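First the structure, in the form of structure tokens, and then the observations on it.
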4 protein chains.
Amino acid sequence: MKQESFEWNSADEVMFYDTDVGGVVHNLAYLRMIEYCRTKLAAGIGFDLCRMAETSVYPVVVRTEIDYRRPARLGDVIETRGWLEEWGRVRFWCAFEMRRRVSGELLVSCRQQLAVIQMPEGKPLRLPGEPGNPV
Amino acid sequence: MKQESFEWNSADEVMFYDTDVGGVVHNLAYLRMIEYCRTKLAAGIGFDLCRMAETSVYPVVVRTEIDYRRPARLGDVIETRGWLEEWGRVRFWCAFEMRRRVSGELLVSCRQQLAVIQMPEGKPLRLPGEPGNPV
Amino acid sequence: MKQESFEWNSADEVMFYDTDVGGVVHNLAYLRMIEYCRTKLAAGIGFDLCRMAETSVYPVVVRTEIDYRRPARLGDVIETRGWLEEWGRVRFWCAFEMRRRVSGELLVSCRQQLAVIQMPEGKPLRLPGEPGNPV
Amino acid sequence: MKQESFEWNSADEVMFYDTDVGGVVHNLAYLRMIEYCRTKLAAGIGFDLCRMAETSVYPVVVRTEIDYRRPARLGDVIETRGWLEEWGRVRFWCAFEMRRRVSGELLVSCRQQLAVIQMPEGKPLRLPGEPGNPV
């Protein structure tokens, strides 16, 4: 199972609305950038946004672990790499690293566990045997 | 028609996530505070959140005009007063004033025009003759 | 004065966090997309993010007018075009149009008036005679 | 050391902007509610917002662990209880539980580790021996 092929790279310039009065990027802003990366990563794993809107089957975050190592500032570009770390029967883990462009310093590392839910009932679904296929 | 009786007052302490690197509250944060005030105001006008979730009839903002007059800072409490300004056949206007607690200085003034929509079709509905009754 | 040359085009895929329970993009999410477009537009006009972080001279929004014409949905790509509409002595106006990619339908139109402020005092500064030069 | 006395309870009505197209509260919205609770909790521990704005000494989140157990929906009131879990020499842990009002169901549990930083240098400071005193 070539999990390592499930990967997504995105980049975000730090905007005013990402910073707070402390002069650095606010902890919630990194998670919004991770959401974007994970959405694109999930599309590659078989969870396409348009299809989800039709079927009401959504991957949902059930756990987040995030470490804030160094702060980013206005004017920085943050590179986010996300990949599929583990694929189970009803849950999977994605992992993320965020680095400052140019210096390559590690700013944030994060892991998120996801389940797949049939809305609006909220019923958890079994994952397909291999990632990359639609649920 | 006692429109003036449709009014809501709310208060928000400025949080870190409301500020930006400039040291003041970010322009989007005031609009989130206004959203809260308008939601409570709308409930009094006949748009209850729980009922909306059942009927999928929602008031939606069709136009916002907002003037940023003075900045709020970390530690300020912002008092928001919202009221029904005008009630038409298919649209209504709400108005808002945001002031710094203690000094009473005017920080922000805002007007929002709303229509009432049946989702998911997005069909605009006729307003009842008087505010305060369910659509 | 070739104002028309001050223009920026950006594109946003609608993410989960942009939508609300009504199934459409929330009114605040469009404004965050406009913030991004305006930041890039402002950089071309002479307000560079890195330089701002050094000098504490920031363009700030003093008025927003926004019309929500049609809703965007999950899976849509929203194209935002922003341009410099008017350049005055102490204030300038930017204008924005947001369209659904593929169909080209107009979703949102917006105008924002900005002033340039020396922080942390909040002192308004005179604009240079022509856009495109640093303040 | 009566850590258990460092506690804060807050409540949030679920707003439109908290929900997403799946019909439930978006994972980032819970974290914004936790930020509010933690800010009030931190004030009791000795980190007052106004004082922070003066001294530029801020508690910053260095790690978040959050478990999403059950979804909240439009119309729910979410009660958040936060407390000081552990007080070390340079870091402390806060813990949070979020429950649906009325039913009392556990929706979210969360732990956050914080350090105290002198901005803008980003220098970590030693914590006072006991919580409740200013750094």
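Labels for the structure tokens follow display order: chains A, B, ..., residues from 1 in each chain, ligands from 1.
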Practice task
Would you mind writing down, as a PyMOL selection string, each residue of chain D that DSSP on the backbone assigns to strand (DSSP E or B)?
Solution key: chain D and resi 7-13+19+24-25+57-68+73+77-87+91-100+106-118+123-124
Exercise for the section: For chain D, work out the contacting residues on chain C at 9 Å, counting only C-alpha atoms, and write them as a ChimeraX atom specification. Expected result: /C:16-28,73-74
Exercise for the section: Show which residues sit within 7 Å of Arg101 (chain C), as a list in words. Count only C-alpha atoms, and ignore same-chain residues fewer than 4 positions away. Expected result: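 Residues meeting the cut-off are Val77, Ile78 and Glu79 of chain C.
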Exercise for the section: Name the closest residue to Lys123 (chain C) among the candidates C:Val90, C:Thr64, C:Gly75, C:Leu31; distances are taken between atoms, counting only C-alpha atoms. Expected result: C:Val90
Handout entry: Contact residues around Phe96 (chain D) with only C-alpha atoms at 9 Å, ignoring same-chain residues under 4 positions, as JSON, numbers by chain
Key = {"D": [34, 37, 38, 80, 81, 82, 83, 108, 109, 110, 111, 112]}
Residues as selected, C-alpha atoms, written as a PDB file, in the first residue's frame, can you do that?
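Okay, this is what ended up in selection.pdb:
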```
ATOM      1  CA  ILE D  34     -11.960  27.301  23.993  1.00  0.00           C
ATOM      2  CA  CYS D  37     -12.613  30.199  28.029  1.00  0.00           C
ATOM      3  CA  ARG D  38      -8.822  29.954  28.312  1.00  0.00           C
ATOM      4  CA  THR D  80     -17.238  25.000  28.226  1.00  0.00           C
ATOM      5  CA  ARG D  81     -15.464  24.314  31.490  1.00  0.00           C
ATOM      6  CA  GLY D  82     -11.751  25.034  31.639  1.00  0.00           C
ATOM      7  CA  TRP D  83      -9.366  24.417  34.493  1.00  0.00           C
ATOM      8  CA  VAL D 108     -15.360  17.822  23.087  1.00  0.00           C
ATOM      9  CA  SER D 109     -12.436  17.330  25.449  1.00  0.00           C
ATOM     10  CA  CYS D 110      -9.215  19.257  25.056  1.00  0.00           C
ATOM     11  CA  ARG D 111      -5.841  19.900  26.715  1.00  0.00           C
ATOM     12  CA  GLN D 112      -3.532  22.788  25.940  1.00  0.00           C
TER      13      GLN D 112
END
```
Handout entry: Near-region 49-57 of chain C list (8 Å; only C-alpha atoms; drop same-chain fewer than 2 positions) as an MDAnalysis selection string
Key = (chainID A and resid 74:75) or (chainID B and resid 22) or (chainID C and resid 39 43 47 59 116:120)
Output C-alpha atoms for every residue in the selection just made, as a compact mmCIF listing (two decimals), in the first residue's frame.
```txt
# COMPACT_ATOMS: atom_id res chain seq x y z
CA LEU A 74 3.59 38.93 8.73
CA GLY A 75 5.36 38.57 5.40
CA GLY B 22 -1.29 46.42 14.03
CA THR C 39 -3.50 42.67 0.40
CA ALA C 43 1.35 45.46 -2.36
CA PHE C 47 2.05 48.70 0.64
CA PRO C 59 -3.56 50.76 5.12
CA VAL C 116 -3.13 54.90 5.74
CA ILE C 117 -2.28 54.93 9.40
CA GLN C 118 0.92 55.19 11.42
CA MET C 119 0.59 52.70 14.28
CA PRO C 120 0.48 52.47 17.22
```
Could you go through region 52-122 of chain B and tell me which residues DSSP, when run on the backbone, assigns to helix (DSSP H, G or I), listing them as a PDB file with C-alpha atoms, in the first residue's frame?
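Output saved as out.pdb:
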```pdb
ATOM      1  CA  MET B  52     -34.725  27.691  11.095  1.00  0.00           C
ATOM      2  CA  ALA B  53     -32.761  24.474  11.415  1.00  0.00           C
ATOM      3  CA  GLU B  54     -36.089  22.611  11.026  1.00  0.00           C
ATOM      4  CA  THR B  55     -37.699  24.627   8.250  1.00  0.00           C
TER       5      THR B  55
END
```
